[in-house]
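K.L.:
Attaching a single structure in structure tokens format; questions to follow.
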Amino acid sequence: MRYVYAFEEGNKDLKDLLGGKGANLAEMTNLGLPVPPGFTITTEACRAYLHDKRLPDGLDEQIDARLTALEERIGRRLGDAADPLLVSVRSGAKFSMPGMMETVLNVGLNDESVHGLAAQGGERFAWDSYRRLIQMFGATVCDVPAADFAAALDELKHRRGTRDDLGLDADDLRTLVGTYKKVFAEHTGRDFPQEPREQLRLAILAVFDSWNADRAVLYRRQERIPADLGTAVNVVAMVFGNLGPDSGTGVAFTRDPGTGAQGVYGDYLANAQGEDVVAGIRNTVPLQELERLDKTSYDELLRIMARLEEHYRDLCDIEFTVERGKLWMLQTRVGKRTAAAAFTIAAQLVDEGVIDLDEAVRRVSGAQLGQLMFPRFDLSGAREELTRAVGASPGAAVGAAVFDARRAIELAERGEAVILVRRETNPDDLGGMIAAQGILTSRGGKTSHAAVVARGMGKTCVCGADDLEVGTDSFTVNGRRIAEGDTISIDGTTGRVYAGQVPVEPSSVVRYFEGTFEGDDPLVTAVDRLMRHADSRRRLRIRANADTGGDAARARRFGAEGIGLCRTEHMFLGDRRELVEKLILAEGLPEREAALAALLPLQRADFVELFRAMDDLPVTVRLIDPPLHEFLPSLTDLAVRVAVAGERGEDAGRERQLLAAVQRMHEQNPMLGLRGVRLGLVVPGLFAMQVRAIAEAAVEVTRAGGTARPEIMVPLVGAVQELETVRAEAERILADVIGDSGVAVAIGTMIEVPRAALTAGQLAEAAEFFSFGTNDLTQMAWGFSRDDVEGAFFWRYLELGIFGISPFESLDADGVGRLVRIASEEGRAARPGLKIGVCGEHGGDPDSVHFFHQVGLDYVSCSPFRVPIARLEAGRAAI
Ligand code: ADP
Ligand code: MG
Ligand code: MG
């Protein structure tokens, strides 16, 4: 088995084997860029080691052989006393991962070779390099607390009256090496290893082991990175940025990763090594300064950056070092960027002729578009940032800090905006979470209870703010105290927390979709272009779930091509409750008919509004679904009212009647009870009234010159006989109302009971269309009560990895998705051309949209706000 590859032997497409860093070092090497020579130990070696708990056979020999080749090429031997070769040992998995061991520099230095190095580069440089090795090796390989090294360094600087490490001379650094060795020995019980080959071997093992460090495991779970990939290790000949003022190290981006603006961005630090740039040891200077310091290196860097962009056809980030006027490339990769930059850069690259529009659309995502649609904090003014943590559910929320769920509910009822702050949340906090504008916790990551529930509710959430000390009526962070009632602002996208009220600005992208954006904004232009292209490519149609004319009109502006779900039960609330009560309590036919007759014109008016807003587009109306008792007052309230009235000797006739009805209709398990089509079959006249209202509204709109295209959808069907019964009655009414008006009304069924999916061939005989209600289908396929489980135990399931994401958030392709496939195939086999859509929340979820595209559905329907996301993802799925 081959475990070790020289950089010359790899390329950028070998990330699985060589890790991201190794694959890109190989790519740069083969592009002829100045990369220090080195080699990569494969992820396969790591997997074998982690599995067998020992290095695989032959690995040591392969490393030796590569090392010898490296030594011969450079003309120095690892750790040679007179003129040592030094190397860095760098981890590099397929995905970069916080919590893993990073890098050990200067491997090969010891008490002897430090003198050899001094002879080459000077005393100060040599001792500086040696103390760095002990520090990095100690902290990352042997778990010596980094703070102990830092404390020793600070103490020395203090003693020497300098704040800057450049204020320490060679003697100081020699002393520091002595101190570090003591720190090392104290913590490990052994002396700092002097044998270069042993240093190398231990560092490699430490990289492998760090794959399973707690933080790395947690991160993988949160980001849904497979746990069995393993990491590669890169061994790279050292080049030195700490050789004096003509040396240095830096990082750079080929474009601004924040906004996507063109130009060169980066930081540079003279006379420094490796991590100094990011560690904030000294103040870096903007990359442009390098032009003044060393024009030759600067020009070459710019040339290389242009070359890399051209080669990778994307924004690259870069790590480099200048050793006495000679530029070395130490890393590159296609750089991370904000959502705004992703769109802007993709459009720019199209303009530059680097990529085509298909590729541009592929490079952005619905999730990024979603981020751009949330209101944002306007950060142009002064503000006080308290901390940065995990952005767990996006949005910008402002409110008074409260520390208790009940208190949150209390204040919210008074109309105050609150942010619920907890160490962590549990199901008891649910009411407070609903009442709050946002949620802030000090523990837990993206899959904590708070995060999962907040995302489910679409509520802003920042979690894992571990420098917050949360008490019962205040929290402190870095010495600052925020008491109950103090205003804070939390950003669920960036994870930042601010004291006070940060102004919120509406998203320019939403204004663009609304048609109210004016002016010139590269982001809006880019979004417009990519959306148009996605629309031209997608095969799925996108509809919206909307119940009112207002929602429908908005959805249409956002690009909806119809309504996939109008929930008629929303039309029975408010003032109309009383009419519904009458219907439920009706004792004879005349009473019931009177109640229905009163509801009819109201429903008709609702539909007229909808059909007008969606003129000439299909509108799917679902007949009433939830159990009737949901329209009645609660059992407890009523019982109390009746009892109190009784005590006072008052007449409570109506209430008594209501109470009896509620008791009669009480169900142990209403979601599996008398609802949907079952209700229509049991309560005479109810569905008939709705069908009549739909038909009359359609005729009215058509007579007025519009085009209504209603589709009547029967919910919760499990057997074709149910559908046939409803259909027969509906057809009679339609024939009666529509007459010769020319209106066409389709009748179809929801597929949301597993039995419906499994008998879809039969159902298709009686249905002109199917619409998957994936919320109920998920609920019934898994047996999860969707109103209860997310808050109750989903966090645990996510923690255990039973699923990576809630099946209510993203369609469970294996289980629920299988039902969708079966029903589509068998439905279409029975009725070719059967129109099939989805109207569950999944219609707006990117991964689910791709799945529905693959299955070959005709459309997805989602909430109006997610329509653009679905459009984009449907385009991406088709490219
Ligand atoms: P990370 O994954 O944290 O970026 P790296 O392996 O890239 O870790 O190492 C961090 C830094 O260490 C690099 O940016 C570079 O400055 C320095 N470094 C790594 N290897 C070498 C080397 N062979 N010569 C000089 N500096 C190096
Ligand atoms: Mg790096
Ligand atoms: Mg349903």
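Within each chain, counting starts at residue 1; across the structure tokens, chains are named A, B, ... in the order shown, with ligands numbered 1 upward in that order.
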Quick one: everything within 7 Å of Val497 in chain A, counting only C-alpha atoms, minus sequence neighbours fewer than 5 positions away in the same chain. Send it as a PyMOL selection string.
P.N.:
chain A and resi 385-388+489-491
K.L.:
Keeping only N, CA and C atoms, take the residues you just selected and write them out as a PDB file, in the first residue's frame.
P.N.:
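Written output follows (again.pdb):
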ATOM      1  N   GLU A 385     -19.631  45.488  20.979  1.00  0.00           N
ATOM      2  CA  GLU A 385     -19.751  44.049  20.780  1.00  0.00           C
ATOM      3  C   GLU A 385     -19.392  43.340  22.076  1.00  0.00           C
ATOM      4  N   LEU A 386     -20.275  42.489  22.551  1.00  0.00           N
ATOM      5  CA  LEU A 386     -20.027  41.795  23.814  1.00  0.00           C
ATOM      6  C   LEU A 386     -19.275  40.495  23.598  1.00  0.00           C
ATOM      7  N   THR A 387     -19.674  39.768  22.568  1.00  0.00           N
ATOM      8  CA  THR A 387     -18.981  38.516  22.295  1.00  0.00           C
ATOM      9  C   THR A 387     -19.394  37.988  20.924  1.00  0.00           C
ATOM     10  N   ARG A 388     -18.723  36.955  20.518  1.00  0.00           N
ATOM     11  CA  ARG A 388     -19.031  36.267  19.266  1.00  0.00           C
ATOM     12  C   ARG A 388     -19.212  34.803  19.567  1.00  0.00           C
ATOM     13  N   SER A 489     -28.648  43.153  21.405  1.00  0.00           N
ATOM     14  CA  SER A 489     -28.938  42.845  20.009  1.00  0.00           C
ATOM     15  C   SER A 489     -28.142  41.601  19.634  1.00  0.00           C
ATOM     16  N   ILE A 490     -28.804  40.628  19.025  1.00  0.00           N
ATOM     17  CA  ILE A 490     -28.087  39.401  18.651  1.00  0.00           C
ATOM     18  C   ILE A 490     -28.241  39.137  17.158  1.00  0.00           C
ATOM     19  N   ASP A 491     -27.144  38.691  16.558  1.00  0.00           N
ATOM     20  CA  ASP A 491     -27.117  38.430  15.124  1.00  0.00           C
ATOM     21  C   ASP A 491     -26.987  36.917  14.901  1.00  0.00           C
TER      22      ASP A 491
END
K.L.:
With only C-alpha atoms and all ligand atoms counted, collect every polymer residue having an atom within 7 Å of ligand 3; state the result as a PDB file with C-alpha atoms, in the first residue's frame.
P.N.:
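And here is the file that came out, selection08.pdb:
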ATOM      1  CA  PRO A 715     -56.882  16.255   2.711  1.00  0.00           C
ATOM      2  CA  LEU A 716     -55.911  13.167   4.685  1.00  0.00           C
ATOM      3  CA  GLU A 752     -50.054  12.512   3.468  1.00  0.00           C
ATOM      4  CA  GLY A 773     -48.277  16.911   2.411  1.00  0.00           C
ATOM      5  CA  ASN A 775     -45.333  17.405   7.111  1.00  0.00           C
ATOM      6  CA  ASP A 776     -48.061  14.913   7.882  1.00  0.00           C
TER       7      ASP A 776
END
K.L.:
Counting only C-alpha atoms, which residue out of A:Phe793, A:Gly370, A:Arg818, A:Asp521 sits closest to Pro846 in chain A?
P.N.:
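Counting only C-alpha atoms, the residue closest to Pro846 in chain A is A:Gly370.
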K.L.:
Give as a list in words the residues surrounding ligand 2 up to a distance of 10 Å, considering only C-alpha atoms and all ligand atoms.
P.N.:
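Answer in the requested format: Lys21, Arg90, Ser91, Gly92, Ser96, Glu102, Thr103, Val251, Gly274, Glu275, Asp317, Ile318, Glu319, Phe320, Leu330, Gln331, Thr332 and Arg333 of chain A.
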K.L.:
Check every protein, DNA and RNA residue against ligand 1, keep those with an atom at most 10 Å away (counting only C-alpha atoms and all ligand atoms), and present them as a PyMOL selection string.
P.N.:
chain A and resi 20-22+35-38+86-93+96-98+100-107+233-242+248-251+272-278+318-323+328-332
K.L.:
List the spatial neighbours of range 424-429 of chain A as a ChimeraX atom specification - criterion: any atom at most 6 Å away, only C-alpha atoms, same-chain residues fewer than 6 positions off excluded.
P.N.:
/A:405,441,443,450,791-792
K.L.:
Which of these residues is nearest to Gly432 in chain A, using only C-alpha atoms: A:Val855, A:Ala652, A:Leu420, A:Ala151?
P.N.:
A:Leu420
K.L.:
Taking only C-alpha atoms into account, which of A:Phe192, A:Phe769, A:Phe558, A:Tyr219 comes nearest Arg831 in chain A?
P.N.:
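Closest to Arg831 in chain A, using only C-alpha atoms: A:Phe769.
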K.L.:
Check the smallest atom-to-atom distance from each of A:Gly263, A:Gly742, A:Gly391, A:Pro506 to Leu372 in chain A using only C-alpha atoms, then report the winner.
P.N.:
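Checking each candidate against Leu372 in chain A, we get A:Pro506 as the closest.
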K.L.:
One decimal, Å: what's the distance from CA of Val364 in chain A over to CA of Ala813 in chain A, could you say?
P.N.:
22.9 Å
K.L.:
Apply DSSP to the backbone of this structure and, from range 121-166 of chain A, keep only the residues in alpha helix (DSSP H); write these as a PyMOL selection string.
P.N.:
chain A and resi 121+123-136+146-159
K.L.:
For the residues selected in the previous step, produce a file with C-alpha atoms as a PDB file, in the first residue's frame.
P.N.:
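Result saved to again_23.pdb:
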ATOM      1  CA  GLY A 121      20.880  32.584  10.127  1.00  0.00           C
ATOM      2  CA  GLU A 123      21.715  33.520  17.032  1.00  0.00           C
ATOM      3  CA  ARG A 124      18.487  35.367  17.605  1.00  0.00           C
ATOM      4  CA  PHE A 125      16.757  33.675  14.720  1.00  0.00           C
ATOM      5  CA  ALA A 126      17.896  30.220  15.801  1.00  0.00           C
ATOM      6  CA  TRP A 127      16.769  30.545  19.422  1.00  0.00           C
ATOM      7  CA  ASP A 128      13.492  32.126  18.332  1.00  0.00           C
ATOM      8  CA  SER A 129      12.854  29.136  16.084  1.00  0.00           C
ATOM      9  CA  TYR A 130      13.744  26.670  18.823  1.00  0.00           C
ATOM     10  CA  ARG A 131      11.488  28.232  21.428  1.00  0.00           C
ATOM     11  CA  ARG A 132       8.637  28.154  18.896  1.00  0.00           C
ATOM     12  CA  LEU A 133       9.186  24.452  18.324  1.00  0.00           C
ATOM     13  CA  ILE A 134       9.049  23.619  22.037  1.00  0.00           C
ATOM     14  CA  GLN A 135       5.967  25.754  22.446  1.00  0.00           C
ATOM     15  CA  MET A 136       4.023  24.317  19.490  1.00  0.00           C
ATOM     16  CA  ALA A 146      -0.494  26.811  25.939  1.00  0.00           C
ATOM     17  CA  ALA A 147      -1.164  29.377  28.652  1.00  0.00           C
ATOM     18  CA  ASP A 148       1.906  28.228  30.595  1.00  0.00           C
ATOM     19  CA  PHE A 149       4.177  28.994  27.647  1.00  0.00           C
ATOM     20  CA  ALA A 150       2.407  32.291  27.084  1.00  0.00           C
ATOM     21  CA  ALA A 151       2.841  33.200  30.748  1.00  0.00           C
ATOM     22  CA  ALA A 152       6.569  32.463  30.626  1.00  0.00           C
ATOM     23  CA  LEU A 153       6.922  34.628  27.514  1.00  0.00           C
ATOM     24  CA  ASP A 154       4.941  37.474  29.064  1.00  0.00           C
ATOM     25  CA  GLU A 155       6.953  37.303  32.216  1.00  0.00           C
ATOM     26  CA  LEU A 156      10.204  37.559  30.277  1.00  0.00           C
ATOM     27  CA  LYS A 157       8.953  40.457  28.188  1.00  0.00           C
ATOM     28  CA  HIS A 158       7.833  42.220  31.306  1.00  0.00           C
ATOM     29  CA  ARG A 159      11.229  41.696  32.886  1.00  0.00           C
TER      30      ARG A 159
END
K.L.:
List the neighbours of Leu59 in chain A out to 9 Å using only C-alpha atoms; skip same-chain residues closer than 5 positions along the sequence, and give me the result as a list in words.
P.N.:
Met1, Arg2, Tyr3, Val4, Ile41, Ala45 and Asp64 of chain A
K.L.:
Near Arg406 in chain A, within 9 Å and counting only C-alpha atoms, which residues show up once chain neighbours fewer than 3 positions away are dropped, as a list in words?
P.N.:
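Near neighbours after the sequence-gap exclusion: Phe403, Ile409, Glu410, Leu411, Asp429, Gly431 and Gly432 of chain A.
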K.L.:
Write out as a ChimeraX atom specification each polymer residue whose atoms come within 8 Å of range 534-539 of chain A, counting only C-alpha atoms; drop sequence neighbours fewer than 6 positions from it.
P.N.:
/A:361,853,858,871-879
K.L.:
Give me the residues near range 635-643 of chain A as number ranges by chain, where near means some atom within 12 Å (using only C-alpha atoms) and where sequence neighbours in that chain fewer than 2 positions away do not count.
P.N.:
A: 629-633, 645-667
K.L.:
From the list A:Tyr797, A:Tyr268, A:Phe95, A:Phe851, which residue is nearest Ser810 in chain A when using only C-alpha atoms?
P.N.:
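With only C-alpha atoms as the atom set, the closest residue is A:Phe851.
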K.L.:
Among range 94-203 of chain A, which residues does DSSP mark as strand (DSSP E or B) when it is run on the backbone? Keep the chain and numbering as in the structure and answer as a PyMOL selection string.
P.N.:
chain A and resi 103-107
K.L.:
By how many Å are CA of Asp551 in chain A and CA of Gln854 in chain A apart?
P.N.:
29.0 Å
